[in-house]
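Source file: final.pdb (PDB, C-alpha atoms)
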```pdb
ATOM      1  CA  MET A   1      41.359 129.470 118.718
ATOM      2  CA  ILE A   2      44.849 128.926 117.407
ATOM      3  CA  GLY A   3      47.054 131.018 119.639
ATOM      4  CA  ASP A   4      45.858 130.770 123.241
ATOM      5  CA  GLU A   5      44.157 127.391 122.798
ATOM      6  CA  GLY A   6      45.663 125.999 119.587
ATOM      7  CA  LYS A   7      42.337 126.060 117.711
ATOM      8  CA  ALA A   8      40.943 128.291 115.008
ATOM      9  CA  PRO A   9      38.146 130.691 115.926
ATOM     10  CA  LEU A  10      34.622 129.923 114.817
ATOM     11  CA  CYS A  11      33.115 132.154 112.170
ATOM     12  CA  GLY A  12      32.382 135.520 113.625
ATOM     13  CA  GLY A  13      35.023 135.031 116.350
ATOM     14  CA  GLY A  14      37.534 137.606 117.488
ATOM     15  CA  ARG A  15      40.622 138.606 115.630
ATOM     16  CA  ALA A  16      43.980 137.034 116.342
ATOM     17  CA  GLU A  17      46.290 138.965 118.634
ATOM     18  CA  ASP A  18      50.046 139.111 118.776
ATOM     19  CA  ASN A  19      50.440 137.879 122.374
ATOM     20  CA  HIS A  20      50.510 134.160 121.713
ATOM     21  CA  PRO A  21      52.196 131.404 123.766
ATOM     22  CA  LYS A  22      55.913 130.973 123.547
ATOM     23  CA  GLY A  23      57.214 128.180 121.343
ATOM     24  CA  VAL A  24      60.046 127.125 119.111
ATOM     25  CA  LEU A  25      60.408 129.432 116.129
ATOM     26  CA  VAL A  26      61.611 128.665 112.647
ATOM     27  CA  GLU A  27      65.348 128.889 112.068
ATOM     28  CA  VAL A  28      65.236 132.298 110.427
ATOM     29  CA  TYR A  29      63.655 133.719 113.581
ATOM     30  CA  THR A  30      66.409 132.717 115.996
ATOM     31  CA  GLU A  31      69.786 134.030 117.035
ATOM     32  CA  ALA A  32      70.919 134.254 113.412
ATOM     33  CA  ARG A  33      68.592 137.253 113.098
ATOM     34  CA  GLN A  34      69.665 138.929 116.329
ATOM     35  CA  PRO A  35      69.549 142.715 115.877
ATOM     36  CA  ALA A  36      72.227 145.151 116.972
ATOM     37  CA  SER A  37      72.847 145.198 120.698
ATOM     38  CA  THR A  38      71.872 148.846 121.040
ATOM     39  CA  ASP A  39      68.259 149.586 121.962
ATOM     40  CA  PRO A  40      66.087 151.437 119.440
ATOM     41  CA  PRO A  41      65.573 155.175 119.800
ATOM     42  CA  ARG A  42      62.829 156.300 122.138
ATOM     43  CA  GLY A  43      59.414 155.811 120.540
ATOM     44  CA  VAL A  44      60.659 153.135 118.093
ATOM     45  CA  SER A  45      59.339 149.605 118.582
ATOM     46  CA  TYR A  46      60.112 146.272 116.935
ATOM     47  CA  GLU A  47      57.294 144.746 114.929
ATOM     48  CA  LYS A  48      56.023 141.296 115.862
ATOM     49  CA  PRO A  49      55.776 138.643 113.115
ATOM     50  CA  ILE A  50      52.017 138.142 113.463
ATOM     51  CA  GLY A  51      51.226 141.806 112.929
ATOM     52  CA  ALA A  52      53.753 142.010 110.091
ATOM     53  CA  ALA A  53      52.228 138.982 108.340
ATOM     54  CA  LYS A  54      48.693 140.365 108.561
ATOM     55  CA  ARG A  55      49.848 143.644 107.060
ATOM     56  CA  ALA A  56      51.984 142.095 104.319
ATOM     57  CA  VAL A  57      49.737 139.289 103.042
ATOM     58  CA  THR A  58      45.987 139.440 102.473
ATOM     59  CA  VAL A  59      43.644 136.559 103.134
ATOM     60  CA  LEU A  60      42.676 136.529  99.462
ATOM     61  CA  GLU A  61      46.309 136.170  98.339
ATOM     62  CA  LEU A  62      46.847 133.172 100.585
ATOM     63  CA  ALA A  63      43.503 131.589  99.715
ATOM     64  CA  GLU A  64      44.229 131.824  95.987
ATOM     65  CA  ARG A  65      47.604 130.190  96.516
ATOM     66  CA  LEU A  66      46.049 127.376  98.568
ATOM     67  CA  VAL A  67      43.361 126.560  95.983
ATOM     68  CA  GLY A  68      45.635 127.136  92.994
ATOM     69  CA  GLY A  69      43.660 129.871  91.302
ATOM     70  CA  PRO A  70      41.276 132.823  91.648
ATOM     71  CA  LEU A  71      38.172 132.621  93.804
ATOM     72  CA  SER A  72      34.681 133.385  92.520
ATOM     73  CA  ARG A  73      33.571 136.893  93.427
ATOM     74  CA  ARG A  74      30.065 137.551  94.665
ATOM     75  CA  GLY A  75      29.652 141.195  95.589
ATOM     76  CA  GLN A  76      31.854 141.859  98.611
ATOM     77  CA  THR A  77      32.904 138.226  99.088
ATOM     78  CA  PHE A  78      34.997 135.592  97.314
ATOM     79  CA  THR A  79      34.022 131.927  97.538
ATOM     80  CA  THR A  80      35.549 128.530  96.812
ATOM     81  CA  ARG A  81      35.699 125.030  98.246
ATOM     82  CA  CYS A  82      37.404 124.945 101.631
ATOM     83  CA  PRO A  83      41.185 124.513 101.176
ATOM     84  CA  LEU A  84      41.765 123.088 104.659
ATOM     85  CA  PRO A  85      43.097 119.515 104.453
ATOM     86  CA  ASP A  86      40.729 118.086 107.078
ATOM     87  CA  HIS A  87      37.559 119.388 105.412
ATOM     88  CA  ASP A  88      36.147 117.574 102.379
ATOM     89  CA  ASP A  89      34.008 120.435 101.140
ATOM     90  CA  GLY A  90      31.263 119.174  98.846
ATOM     91  CA  SER A  91      30.129 122.650  97.786
ATOM     92  CA  PRO A  92      31.810 126.067  97.905
ATOM     93  CA  SER A  93      31.423 127.131 101.527
ATOM     94  CA  PHE A  94      34.720 128.942 102.053
ATOM     95  CA  THR A  95      34.281 132.720 102.021
ATOM     96  CA  VAL A  96      36.886 135.476 101.933
ATOM     97  CA  TYR A  97      35.664 138.996 102.522
ATOM     98  CA  ALA A  98      36.727 141.837 100.246
ATOM     99  CA  ASP A  99      37.413 143.833 103.397
ATOM    100  CA  ASN A 100      40.608 142.107 104.525
ATOM    101  CA  GLU A 101      39.983 143.116 108.147
ATOM    102  CA  ARG A 102      36.982 140.740 108.197
ATOM    103  CA  GLY A 103      39.190 137.804 107.249
ATOM    104  CA  TRP A 104      37.665 134.523 106.126
ATOM    105  CA  CYS A 105      35.020 132.047 107.182
ATOM    106  CA  CYS A 106      34.108 128.515 106.151
ATOM    107  CA  PHE A 107      30.402 127.941 106.679
ATOM    108  CA  GLY A 108      30.931 124.208 106.162
ATOM    109  CA  CYS A 109      33.428 123.492 108.948
ATOM    110  CA  GLY A 110      32.574 126.556 111.023
ATOM    111  CA  ARG A 111      36.077 127.982 111.218
ATOM    112  CA  GLY A 112      37.396 131.397 110.387
ATOM    113  CA  GLY A 113      39.913 134.056 111.283
ATOM    114  CA  ASP A 114      42.668 136.099 109.702
ATOM    115  CA  VAL A 115      45.431 135.231 107.251
ATOM    116  CA  VAL A 116      47.696 133.772 109.940
ATOM    117  CA  HIS A 117      44.910 131.509 111.212
ATOM    118  CA  LEU A 118      44.356 130.281 107.673
ATOM    119  CA  TYR A 119      48.033 129.485 107.119
ATOM    120  CA  ALA A 120      48.303 127.740 110.480
ATOM    121  CA  LEU A 121      45.314 125.512 109.779
ATOM    122  CA  ALA A 122      46.384 124.769 106.218
ATOM    123  CA  TRP A 123      49.887 123.661 107.231
ATOM    124  CA  GLY A 124      49.282 122.279 110.708
ATOM    125  CA  CYS A 125      51.160 124.968 112.663
ATOM    126  CA  THR A 126      50.355 124.997 116.382
ATOM    127  CA  ASP A 127      52.314 128.164 117.163
ATOM    128  CA  MET A 128      50.927 131.304 115.600
ATOM    129  CA  ARG A 129      54.297 133.048 115.560
ATOM    130  CA  VAL A 130      55.822 130.179 113.592
ATOM    131  CA  ALA A 131      52.897 130.324 111.168
ATOM    132  CA  ALA A 132      53.346 134.078 110.742
ATOM    133  CA  ALA A 133      57.097 133.777 110.117
ATOM    134  CA  GLU A 134      56.606 130.993 107.566
ATOM    135  CA  LEU A 135      53.816 132.962 105.877
ATOM    136  CA  LEU A 136      56.059 135.994 105.472
ATOM    137  CA  MET A 137      58.822 133.863 103.944
ATOM    138  CA  GLU A 138      56.345 132.074 101.681
ATOM    139  CA  PHE A 139      55.431 135.416 100.096
ATOM    140  CA  GLY A 140      58.994 136.767 100.024
ATOM    141  CA  HIS A 141      58.778 139.159 102.967
ATOM    142  CA  GLU A 142      61.356 139.700 105.691
ATOM    143  CA  VAL A 143      60.667 138.262 109.135
ATOM    144  CA  PRO A 144      60.939 141.028 111.770
ATOM    145  CA  PRO A 145      63.947 140.559 114.066
ATOM    146  CA  ARG A 146      63.528 140.078 117.781
ATOM    147  CA  PRO A 147      64.162 143.146 119.960
ATOM    148  CA  PRO A 148      67.448 143.269 121.905
ATOM    149  CA  SER A 149      65.531 142.939 125.174
ATOM    150  CA  TRP A 150      64.481 139.408 124.179
ATOM    151  CA  PHE A 151      68.098 138.291 123.777
ATOM    152  CA  HIS A 152      69.069 139.956 127.052
ATOM    153  CA  ARG A 153      66.263 138.087 128.813
ATOM    154  CA  GLN A 154      67.352 134.795 127.259
ATOM    155  CA  GLU A 155      70.886 135.349 128.576
ATOM    156  CA  ARG A 156      69.625 136.095 132.089
ATOM    157  CA  GLN A 157      67.366 133.052 132.150
ATOM    158  CA  ALA A 158      69.904 130.608 130.672
ATOM    159  CA  PRO A 159      71.212 129.306 134.057
ATOM    160  CA  VAL A 160      67.658 128.663 135.258
ATOM    161  CA  ARG A 161      66.757 126.792 132.078
ATOM    162  CA  GLU A 162      69.917 124.712 132.370
ATOM    163  CA  ARG A 163      69.070 123.717 135.951
ATOM    164  CA  ILE A 164      65.536 122.777 134.938
ATOM    165  CA  GLU A 165      66.783 120.648 132.047
ATOM    166  CA  ARG A 166      69.366 118.973 134.268
ATOM    167  CA  GLY A 167      66.673 118.141 136.791
ATOM    168  CA  ARG A 168      64.554 116.563 134.073
ATOM    169  CA  ILE A 169      67.481 114.483 132.841
ATOM    170  CA  GLU A 170      68.218 113.242 136.351
ATOM    171  CA  HIS A 171      64.570 112.320 136.816
ATOM    172  CA  VAL A 172      64.679 110.237 133.630
ATOM    173  CA  ALA A 173      67.978 108.720 134.788
ATOM    174  CA  MET A 174      66.390 107.631 138.066
ATOM    175  CA  LEU A 175      63.596 105.889 136.163
ATOM    176  CA  VAL A 176      66.120 104.147 133.903
ATOM    177  CA  PHE A 177      68.212 103.150 136.916
ATOM    178  CA  ARG A 178      65.252 101.640 138.754
ATOM    179  CA  LEU A 179      63.813  99.817 135.766
ATOM    180  CA  ILE A 180      67.010  98.505 134.157
ATOM    181  CA  TRP A 181      69.856  98.466 136.653
ATOM    182  CA  MET A 182      68.276  97.854 140.066
ATOM    183  CA  PRO A 183      67.073  94.298 139.312
ATOM    184  CA  TRP A 184      70.560  93.408 138.066
ATOM    185  CA  LEU A 185      72.372  95.069 140.995
ATOM    186  CA  LYS A 186      70.306  93.178 143.562
ATOM    187  CA  ARG A 187      71.650  89.904 142.219
ATOM    188  CA  LEU A 188      75.303  90.938 142.580
ATOM    189  CA  PRO A 189      77.484  90.018 145.573
ATOM    190  CA  GLU A 190      77.683  92.793 148.167
ATOM    191  CA  ASP A 191      81.449  93.225 147.756
ATOM    192  CA  VAL A 192      81.054  94.422 144.150
ATOM    193  CA  ARG A 193      77.622  96.013 144.357
ATOM    194  CA  GLU A 194      78.794  99.490 145.414
ATOM    195  CA  GLU A 195      81.252  99.862 142.562
ATOM    196  CA  ALA A 196      78.748  98.439 140.088
ATOM    197  CA  THR A 197      76.097 100.875 141.350
ATOM    198  CA  GLU A 198      78.313 103.869 140.561
ATOM    199  CA  GLY A 199      78.903 102.606 137.049
ATOM    200  CA  ALA A 200      75.216 101.839 136.556
ATOM    201  CA  TRP A 201      74.255 105.358 137.628
ATOM    202  CA  ARG A 202      76.719 106.859 135.131
ATOM    203  CA  ASP A 203      75.222 104.686 132.398
ATOM    204  CA  ALA A 204      71.697 105.698 133.433
ATOM    205  CA  LEU A 205      72.639 109.380 133.195
ATOM    206  CA  TRP A 206      74.156 108.833 129.770
ATOM    207  CA  MET A 207      71.026 107.005 128.551
ATOM    208  CA  ALA A 208      68.751 109.682 130.022
ATOM    209  CA  ASP A 209      70.734 112.431 128.322
ATOM    210  CA  ARG A 210      70.422 110.679 124.952
ATOM    211  CA  LEU A 211      66.686 110.039 125.462
ATOM    212  CA  TYR A 212      66.046 113.648 126.457
ATOM    213  CA  ALA A 213      68.033 114.996 123.515
ATOM    214  CA  SER A 214      66.211 112.754 121.018
ATOM    215  CA  ARG A 215      62.844 113.795 122.410
ATOM    216  CA  ARG A 216      63.683 117.488 122.079
ATOM    217  CA  SER A 217      64.816 117.062 118.472
ATOM    218  CA  ALA A 218      61.759 114.997 117.475
TER
END
```
Go through the file and emit its structure as structure tokens.
Amino acid sequence: MIGDEGKAPLCGGGRAEDNHPKGVLVEVYTEARQPASTDPPRGVSYEKPIGAAKRAVTVLELAERLVGGPLSRRGQTFTTRCPLPDHDDGSPSFTVYADNERGWCCFGCGRGGDVVHLYALAWGCTDMRVAAAELLMEFGHEVPPRPPSWFHRQERQAPVRERIERGRIEHVAMLVFRLIWMPWLKRLPEDVREEATEGAWRDALWMADRLYASRRSA
């Protein structure tokens, strides 16, 4: 199931919850949307994007946008060919229930879920919170801001994250040093090897930093 396992639920599966794994969020859901530093009044909570998306956009609205038109109604269900890009649906097997709480189900590919599941599968999102934020923006709704406690936690954990990242960079640097520089250093005269080793290690760190940065931005 997309969320805890990155897969959509099978038809008849449970509903998506809001407690999904942490991941990188879209730009609009970052520090640019940081709320005021004061905590909300007692009894007031900040809404999560997944819950907001499920309340703001119905499955039928998203399905009609994905297929480019209205679905065929049959009693309490709406049907069409499956709009998911990895399913070549030969006959209409995609069903949306009139009761939005029941979500959708494709009897051809065996998947189903709520509106956020459908958006995630249609656009290849692996993080449900990203899918929910993009879904809200797609239909012109505001993305809920993060609570102040989240930003406070990020500030407290920043030194730990920096140490972890530095350790990863140094690990990559050691691999670069052993693979690229060690064979060359062994061939140098001993009287210049120590100085050359210091320079090679600096170069290895620089290369590792660039490699790590490019991997994060990919």
Practice prompt. Check what the PyMOL selection byres ((chain A and resi 84) around 9) selects in the file above and give those residues as an MDAnalysis selection string.
Written response: chainID A and resid 66 82:83 85:89 118 121:123
Practice prompt. I need the residue set behind the PyMOL selection byres ((chain A and resi 182) around 12) for this file; please write it as a list in words.
Written response: Met174, Leu175, Val176, Phe177, Arg178, Leu179, Ile180, Trp181, Pro183, Trp184, Leu185, Lys186, Arg187, Leu188, Arg193, Glu194, Ala196, Thr197, Glu198, Ala200, Trp201 and Ala204 of chain A
Take the residues from that selection and put them in a file with C-alpha atoms, as a compact mmCIF listing (two decimals), in the frame of the given file.
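Writing done, so here's out07.txt:
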```
# COMPACT_ATOMS: atom_id res chain seq x y z
CA MET A 174 66.39 107.63 138.07
CA LEU A 175 63.60 105.89 136.16
CA VAL A 176 66.12 104.15 133.90
CA PHE A 177 68.21 103.15 136.92
CA ARG A 178 65.25 101.64 138.75
CA LEU A 179 63.81 99.82 135.77
CA ILE A 180 67.01 98.50 134.16
CA TRP A 181 69.86 98.47 136.65
CA PRO A 183 67.07 94.30 139.31
CA TRP A 184 70.56 93.41 138.07
CA LEU A 185 72.37 95.07 141.00
CA LYS A 186 70.31 93.18 143.56
CA ARG A 187 71.65 89.90 142.22
CA LEU A 188 75.30 90.94 142.58
CA ARG A 193 77.62 96.01 144.36
CA GLU A 194 78.79 99.49 145.41
CA ALA A 196 78.75 98.44 140.09
CA THR A 197 76.10 100.88 141.35
CA GLU A 198 78.31 103.87 140.56
CA ALA A 200 75.22 101.84 136.56
CA TRP A 201 74.26 105.36 137.63
CA ALA A 204 71.70 105.70 133.43
```
Practice prompt. Just say which residues the PyMOL selection byres ((chain A and resi 63) around 12) picks in this file, as number ranges by chain.
Written response: A: 57-62, 64-72, 78-84, 94-97, 100, 103-106, 114-119, 121-122
Discussion item. To one decimal place in Å, what is the distance between CA of Thr77 in chain A and CA of Glu138 in chain A?
Written reply: 24.4 Å
Using all atoms of range 127-144 of chain A that appear in the file, construct an axis-aligned enclosing box with 3 Å of padding on every side and provide its centre coordinates and edge lengths in Å, rounded to one decimal, as AutoDock Vina command-line options.
```
--center_x 56.1 --center_y 134.6 --center_z 108.6 --size_x 16.4 --size_y 18.9 --size_z 23.1
```
Fill in: Distance in Å - CA of Ala173 in chain A versus CA of Ala208 in chain A
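Here the two named atoms are 4.9 Å from each other.
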Practice prompt. Give me the residues within 8 Å of Ile169 in chain A as a list in words, counting all atoms listed in the file and dropping any in the same chain fewer than 2 places off.
Written response: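 These residues fall inside the cut-off: Glu165, Arg166, Gly167, His171, Val172, Ala173, Leu205, Ala208, Asp209 and Tyr212 of chain A.
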Worksheet item: Quick one, how far is CA of Pro92 in chain A from CA of Arg74 in chain A?
Response: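 These two atoms are separated by 12.1 Å.
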Fill in: From A:Leu135, A:Cys109, A:Ile164, A:Ala158, residue lying nearest Ala53 in chain A [all atoms listed in the file]
A:Leu135
Discussion item. List the spatial neighbours of Leu136 in chain A as number ranges by chain - criterion: any atom at most 9 Å away, all atoms listed in the file, same-chain residues fewer than 5 positions off excluded.
Written reply: A: 49, 52-53, 56-57, 131, 141-143
N, CA and C atoms for range 44-67 of chain A, written as a tab-separated table (two decimals), in the coordinates of the input, could you do that?
```
chain	number	residue	atom	x	y	z
A	44	VAL	N	60.56	154.11	119.18
A	44	VAL	CA	60.66	153.14	118.09
A	44	VAL	C	60.47	151.74	118.68
A	45	SER	N	59.60	150.95	118.09
A	45	SER	CA	59.34	149.60	118.58
A	45	SER	C	59.61	148.60	117.48
A	46	TYR	N	59.88	147.34	117.89
A	46	TYR	CA	60.11	146.27	116.94
A	46	TYR	C	58.79	145.59	116.62
A	47	GLU	N	58.55	145.34	115.35
A	47	GLU	CA	57.29	144.75	114.93
A	47	GLU	C	57.29	143.25	115.17
A	48	LYS	N	56.17	142.72	115.64
A	48	LYS	CA	56.02	141.30	115.86
A	48	LYS	C	55.65	140.61	114.55
A	49	PRO	N	56.02	139.32	114.40
A	49	PRO	CA	55.78	138.64	113.12
A	49	PRO	C	54.30	138.50	112.78
A	50	ILE	N	53.44	138.32	113.77
A	50	ILE	CA	52.02	138.14	113.46
A	50	ILE	C	51.44	139.41	112.85
A	51	GLY	N	51.72	140.55	113.48
A	51	GLY	CA	51.23	141.81	112.93
A	51	GLY	C	51.82	142.09	111.56
A	52	ALA	N	53.11	141.78	111.39
A	52	ALA	CA	53.75	142.01	110.09
A	52	ALA	C	53.12	141.14	109.01
A	53	ALA	N	52.82	139.89	109.33
A	53	ALA	CA	52.23	138.98	108.34
A	53	ALA	C	50.84	139.46	107.92
A	54	LYS	N	50.05	139.91	108.88
A	54	LYS	CA	48.69	140.36	108.56
A	54	LYS	C	48.70	141.64	107.72
A	55	ARG	N	49.76	142.44	107.88
A	55	ARG	CA	49.85	143.64	107.06
A	55	ARG	C	50.44	143.37	105.68
A	56	ALA	N	51.28	142.35	105.58
A	56	ALA	CA	51.98	142.10	104.32
A	56	ALA	C	51.21	141.21	103.36
A	57	VAL	N	50.43	140.27	103.89
A	57	VAL	CA	49.74	139.29	103.04
A	57	VAL	C	48.24	139.34	103.33
A	58	THR	N	47.44	139.44	102.28
A	58	THR	CA	45.99	139.44	102.47
A	58	THR	C	45.46	138.01	102.52
A	59	VAL	N	44.29	137.87	103.08
A	59	VAL	CA	43.64	136.56	103.13
A	59	VAL	C	43.39	136.05	101.72
A	60	LEU	N	42.98	136.94	100.84
A	60	LEU	CA	42.68	136.53	99.46
A	60	LEU	C	43.92	136.00	98.76
A	61	GLU	N	45.07	136.64	98.97
A	61	GLU	CA	46.31	136.17	98.34
A	61	GLU	C	46.66	134.76	98.79
A	62	LEU	N	46.53	134.51	100.08
A	62	LEU	CA	46.85	133.17	100.58
A	62	LEU	C	45.82	132.16	100.12
A	63	ALA	N	44.55	132.52	100.14
A	63	ALA	CA	43.50	131.59	99.72
A	63	ALA	C	43.69	131.19	98.26
A	64	GLU	N	44.02	132.14	97.40
A	64	GLU	CA	44.23	131.82	95.99
A	64	GLU	C	45.43	130.91	95.79
A	65	ARG	N	46.45	131.08	96.61
A	65	ARG	CA	47.60	130.19	96.52
A	65	ARG	C	47.25	128.78	97.00
A	66	LEU	N	46.43	128.68	98.03
A	66	LEU	CA	46.05	127.38	98.57
A	66	LEU	C	45.17	126.58	97.61
A	67	VAL	N	44.27	127.27	96.90
A	67	VAL	CA	43.36	126.56	95.98
A	67	VAL	C	43.92	126.49	94.57
```
